[in-house]
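K.L.:
I'd like to ask you about the structure that follows.
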Amino acid sequence: MAGEVLQLRGVGVKREGATLLRDVTWTVNEGERWVIVGPNGAGKTTLLQVAAAMLHPSSGSVEILEEELGRTDVFELRPRIGFASSAVAEKVPAGETVIDLVLTGSYAILGRWQEEYDTTDVSRAVALLEALGCSDLIRRSFSTLSEGERKRVQIARALMPDPELLLLDEPAAGLDLGAREDLVDRLGRLAADPAAPTIVMVTHHVEEVPEGFTHALLLRRGELVAQGKVDEVFTTEHLTAAFGVPLGVDRQNGRWYARTVR
Ligand SMILES: Nc1ncnc2c1ncn2[C@@H]1O[C@H](COP(=O)(O)OP(=O)(O)OP(=O)(O)O)[C@@H](O)[C@H]1O
């Protein structure tokens, strides 16, 4: 597949009288690595849910992997998308083992029932867990894992169906500094892999943007502040507008840093 992986035109989302997104027009092309950044309540998760075919917009049009939302079977579309978010993690059935959680990612379902998995599936799940440094967790119950371990297992699960689009909602949230740096490093390696899917990641912090991410979209109060190449978007002007505080921004060795300036 070549070309556009996501195409949103004039997308708005309203819930219970509140406007969560307003007039978002956004294109993601194959192979790009995007980060969505903005303050609390900006609409980042809402936008990612639209991109994951989990939420239908109130207005505008959405094409995901060349399928138009509203005219396609989302149950066929969702396994083509890897989606890791705390909203998914919260729904993991009690007692679900790590290996089963990753295997069920093949079908974008939660809770193993009567699906058949062959040895190729199991080998792939084990290889993904190994690549994310989780090989010792395979037989553990997901609910007993630390936050950092959960985040890495969720990414392995999201990669399980060999998705064309990988969506990560705040993958580093709640991690200590060492675990964050480990995860950012792994995501940087994934971003550098030409065989990896197109990636869109949500974060509050420019410090969590891995090396190799190519594009950024800034949101504030449901509206676009800026979008485009990451070094054109992460400017003092744009970040200050997005977060509503005067921010200085710096880049060192491919990573970004922001702080308030007075
Ligand atoms: N069902 C709903 N009804 C009304 N408002 C909602 C509903 N769901 C979400 N919101 C509001 O929409 C806004 C955007 O929420 P969203 O979770 O997309 O933001 P976010 O940028 O991901 O925030 P955070 O960084 O805090 O996770 C928030 O102000 C939230 O309170």
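The chains in the structure tokens are called A, B, ... from first to last as shown; in each chain the residues are counted from 1, and the ligands are counted from 1 in the order shown.
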What's around region 129-133 of chain A at 8 Å? Count only C-alpha atoms, leave out sequence neighbours fewer than 3 positions away in its own chain, and write the answer as a list of chain:residue names.
P.N.:
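My reading of the contact set: A:Ala125, A:Val126, A:Ile138, A:Arg152, A:Val153, A:Ala156, A:Arg186.
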K.L.:
Export N, CA and C atoms of the chosen residues as a compact mmCIF listing (two decimals), in the first residue's frame?
P.N.:
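Okay, selection-v9.txt is ready:
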```txt
# COMPACT_ATOMS: atom_id res chain seq x y z
N ALA A 125 4.56 -13.85 18.73
CA ALA A 125 4.26 -13.17 20.01
C ALA A 125 5.50 -13.21 20.91
N VAL A 126 6.15 -14.36 20.96
CA VAL A 126 7.35 -14.50 21.82
C VAL A 126 8.46 -13.58 21.31
N ILE A 138 6.35 -13.69 30.01
CA ILE A 138 5.40 -14.36 29.12
C ILE A 138 4.25 -15.07 29.86
N ARG A 152 5.29 -1.92 27.78
CA ARG A 152 6.04 -2.65 26.76
C ARG A 152 5.23 -3.83 26.22
N VAL A 153 4.49 -4.51 27.10
CA VAL A 153 3.64 -5.63 26.65
C VAL A 153 2.55 -5.11 25.70
N ALA A 156 3.96 -4.67 22.30
CA ALA A 156 4.11 -5.99 21.64
C ALA A 156 2.75 -6.45 21.10
N ARG A 186 13.69 2.24 22.71
CA ARG A 186 13.09 1.15 21.90
C ARG A 186 12.21 1.73 20.79
```
K.L.:
Which residues of region 53-136 of chain A come within 10 Å of region 198-206 of chain A, and what is each one's closest atom pair and distance in Å (one decimal), counting only C-alpha atoms, sorted by chain and residue number, as a Markdown table?
P.N.:
```
| residue | atom | partner | partner_atom | distance |
| --- | --- | --- | --- | --- |
| A:Ile81 | CA | A:Thr198 | CA | 9.8 |
| A:Gly82 | CA | A:Ile199 | CA | 9.3 |
| A:Phe83 | CA | A:Val200 | CA | 9.7 |
| A:Ala84 | CA | A:Met201 | CA | 9.5 |
| A:Ser85 | CA | A:Val202 | CA | 9.7 |
```
K.L.:
Please check which protein, DNA or RNA residues sit within 6 Å of ligand 1, counting only C-alpha atoms and all ligand atoms, and write them as a list in words.
P.N.:
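Protein and nucleic-acid residues within 6 Å of ligand 1: Arg15, Glu16, Ala18, Leu20, Pro39, Asn40, Gly41, Ala42, Gly43, Lys44, Thr45 and Thr46 of chain A.
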K.L.:
CA of Leu65 (chain A) and CA of Val184 (chain A) are how many Å apart?
P.N.:
26.2 Å
K.L.:
Would you tabulate, counting only C-alpha atoms, all residues of region 205-248 of chain A that have an atom at most 10 Å from an atom of region 26-29 of chain A, showing the closest pair of atoms and their distance in Å to one decimal, sorted by chain then ascending number, as a tab-separated table?
P.N.:
```
residue	atom	partner	partner_atom	distance
A:His215	CA	A:Val28	CA	9.0
A:Leu217	CA	A:Trp26	CA	8.8
A:Leu224	CA	A:Trp26	CA	9.3
A:Gln227	CA	A:Trp26	CA	8.1
A:Gly228	CA	A:Trp26	CA	9.5
```
K.L.:
Fewer than 2 positions away in the same chain doesn't count, so skip those; otherwise give me all residues within 9 Å of Ile99 (chain A), counting only C-alpha atoms, as a PyMOL selection string.
P.N.:
chain A and resi 96-97+101-104+122+125-126+129+137-141+157
K.L.:
May I have the selected residues written with N, CA and C atoms, as a CSV table (one decimal), in the first residue's frame?
P.N.:
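Final output, part_13.csv:
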```
chain,number,residue,atom,x,y,z
A,96,GLU,N,-5.7,-12.6,32.7
A,96,GLU,CA,-5.2,-12.7,31.4
A,96,GLU,C,-3.7,-12.8,31.4
A,97,THR,N,-3.1,-13.8,30.8
A,97,THR,CA,-1.7,-13.9,30.8
A,97,THR,C,-1.1,-13.0,29.7
A,101,LEU,N,-2.6,-12.1,26.0
A,101,LEU,CA,-2.9,-10.7,25.7
A,101,LEU,C,-2.2,-10.3,24.3
A,102,VAL,N,-1.0,-10.8,24.1
A,102,VAL,CA,-0.3,-10.4,22.9
A,102,VAL,C,-1.0,-11.2,21.7
A,103,LEU,N,-1.3,-12.5,22.0
A,103,LEU,CA,-1.9,-13.3,20.9
A,103,LEU,C,-3.2,-12.8,20.4
A,104,THR,N,-4.1,-12.3,21.4
A,104,THR,CA,-5.4,-11.8,21.0
A,104,THR,C,-5.3,-10.5,20.2
A,122,VAL,N,2.4,-18.0,17.9
A,122,VAL,CA,3.0,-18.0,19.2
A,122,VAL,C,4.5,-17.6,19.1
A,125,ALA,N,4.6,-13.8,18.7
A,125,ALA,CA,4.3,-13.2,20.0
A,125,ALA,C,5.5,-13.2,20.9
A,126,VAL,N,6.2,-14.4,21.0
A,126,VAL,CA,7.3,-14.5,21.8
A,126,VAL,C,8.5,-13.6,21.3
A,129,LEU,N,7.7,-10.0,22.2
A,129,LEU,CA,8.0,-9.8,23.7
A,129,LEU,C,9.5,-9.7,24.0
A,137,LEU,N,8.4,-12.3,31.1
A,137,LEU,CA,7.0,-12.0,31.6
A,137,LEU,C,5.9,-12.9,30.9
A,138,ILE,N,6.4,-13.7,30.0
A,138,ILE,CA,5.4,-14.4,29.1
A,138,ILE,C,4.2,-15.1,29.9
A,139,ARG,N,4.6,-15.8,30.9
A,139,ARG,CA,3.5,-16.6,31.6
A,139,ARG,C,2.9,-15.8,32.8
A,140,ARG,N,3.3,-14.5,33.0
A,140,ARG,CA,2.7,-13.7,34.1
A,140,ARG,C,1.3,-13.3,33.7
A,141,SER,N,0.6,-13.0,34.8
A,141,SER,CA,-0.7,-12.3,34.6
A,141,SER,C,-0.5,-10.8,34.3
A,157,ARG,N,1.7,-6.3,21.9
A,157,ARG,CA,0.4,-6.7,21.5
A,157,ARG,C,-0.1,-5.9,20.2
```
K.L.:
What is the CA of Ser146 (chain A)-CA of Arg124 (chain A) distance in Å, reported with one decimal?
P.N.:
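So the answer is 23.1 Å.
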K.L.:
Any chance you could list, as number ranges by chain, the residues in region 71-134 of chain A that come up strand (DSSP E or B) when DSSP is run on the backbone?
P.N.:
A: 81-84, 97
K.L.:
Report the distance between CA of Leu239 (chain A) and CA of Arg262 (chain A) in Å, rounded to one decimal place.
P.N.:
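If I compute the distance from CA of Leu239 (chain A) to CA of Arg262 (chain A), I get 14.7 Å.
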K.L.:
Within 12 Å of Val88 (chain A), counting only C-alpha atoms, which residues qualify if same-chain residues fewer than 4 places away don't, as a list in words?
P.N.:
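The residues that qualify are Gln49, Ala52, Met54, Gly82, Phe83, Ala84, Val92, Pro93, Leu101, Gly105, Ala108, Ile109, Leu110, Gly111, Arg150, Lys151, Gln154, Ile155, Arg157, Ala158, Leu167, Leu168 and Asp169 of chain A.
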K.L.:
Using only C-alpha atoms, can you tell me which of A:Leu8, A:Ala172, A:Leu219, A:Ala89 comes closest to Val233 (chain A)?
P.N.:
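Nearest to Val233 (chain A): A:Leu219.
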K.L.:
Contacts of Gly244 (chain A) at 12 Å or less, counting only C-alpha atoms, minus same-chain residues fewer than 2 places along, as a VMD selection string?
P.N.:
chain A and resid 38 to 40 42 219 to 221 225 236 to 242 246 to 247 260
